[in-house]
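This report refers to the structure that appears directly beneath it.
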Amino acid sequence: MSSSQPTHDKLPIRMLHDRVLVRTDTGAGERRSSGGIVIPATAAVGKRLEWAEVVAVGHNVRGVEPGDRVLYDPEDRAEVEVRGVAYILMRERDLHAVAAERLQGSEDSTGLYL
């Protein structure tokens, strides 16, 4: 897959090799449980993975495309700021799962590529 630029904000970046640039879904603020309980940002939680949207990929990335949602470990990340927006840079092998519309319809598909 060739390097991809997002259509929404045209980043002046070309990703290299197996690198993936993502934007997190939420900040580090408080969260809500499925029952509606507010969980403050200071609450101690065990190791928790997070979701993010893929913004750009390097030419050696095969499993994800811009626009996919990916699951990653927030402890294994490098942050970068471009035009005032914070992004996370990681290797494709550091991603744990992919959720994308294009994965639906494939055999044994649950909507997640684990």
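In the structure tokens, each chain is lettered A, B, ... as it comes, each chain's residues begin at 1, and ligands are numbered from 1 in order of appearance.
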
Pick out the residues sitting within 8 Å of stretch 89-97 of chain A, and hand them over as a list in words; count only C-alpha atoms, and ignore anything fewer than 2 positions along from it in its own chain.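 The neighbour list is Asp18, Arg19, Val20, Leu21, Val22, Val61, Gly63, Val70, Leu71, Tyr72, Asp73, Asp76, Arg77, Ala78, Glu79, Val80, Tyr87, Ala99, Leu112, Tyr113 and Leu114 of chain A.
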
Using only C-alpha atoms: which of A:Glu101, A:Thr24, A:Leu49, A:Asn60 has the shortest distance to A:Val85: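 Of A:Glu101, A:Thr24, A:Leu49, A:Asn60, the one nearest A:Val85, counting only C-alpha atoms, is A:Thr24.
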
Among the residues A:Val38, A:Arg23, A:Val98, A:Met15, the one that comes closest to A:Val64 [using only C-alpha atoms]: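 Smallest separation from A:Val64 among the options: A:Val98.
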
Just how far from atom CA of A:Ile37 is atom CA of A:Ala86, in Å to one decimal? 27.8 Å
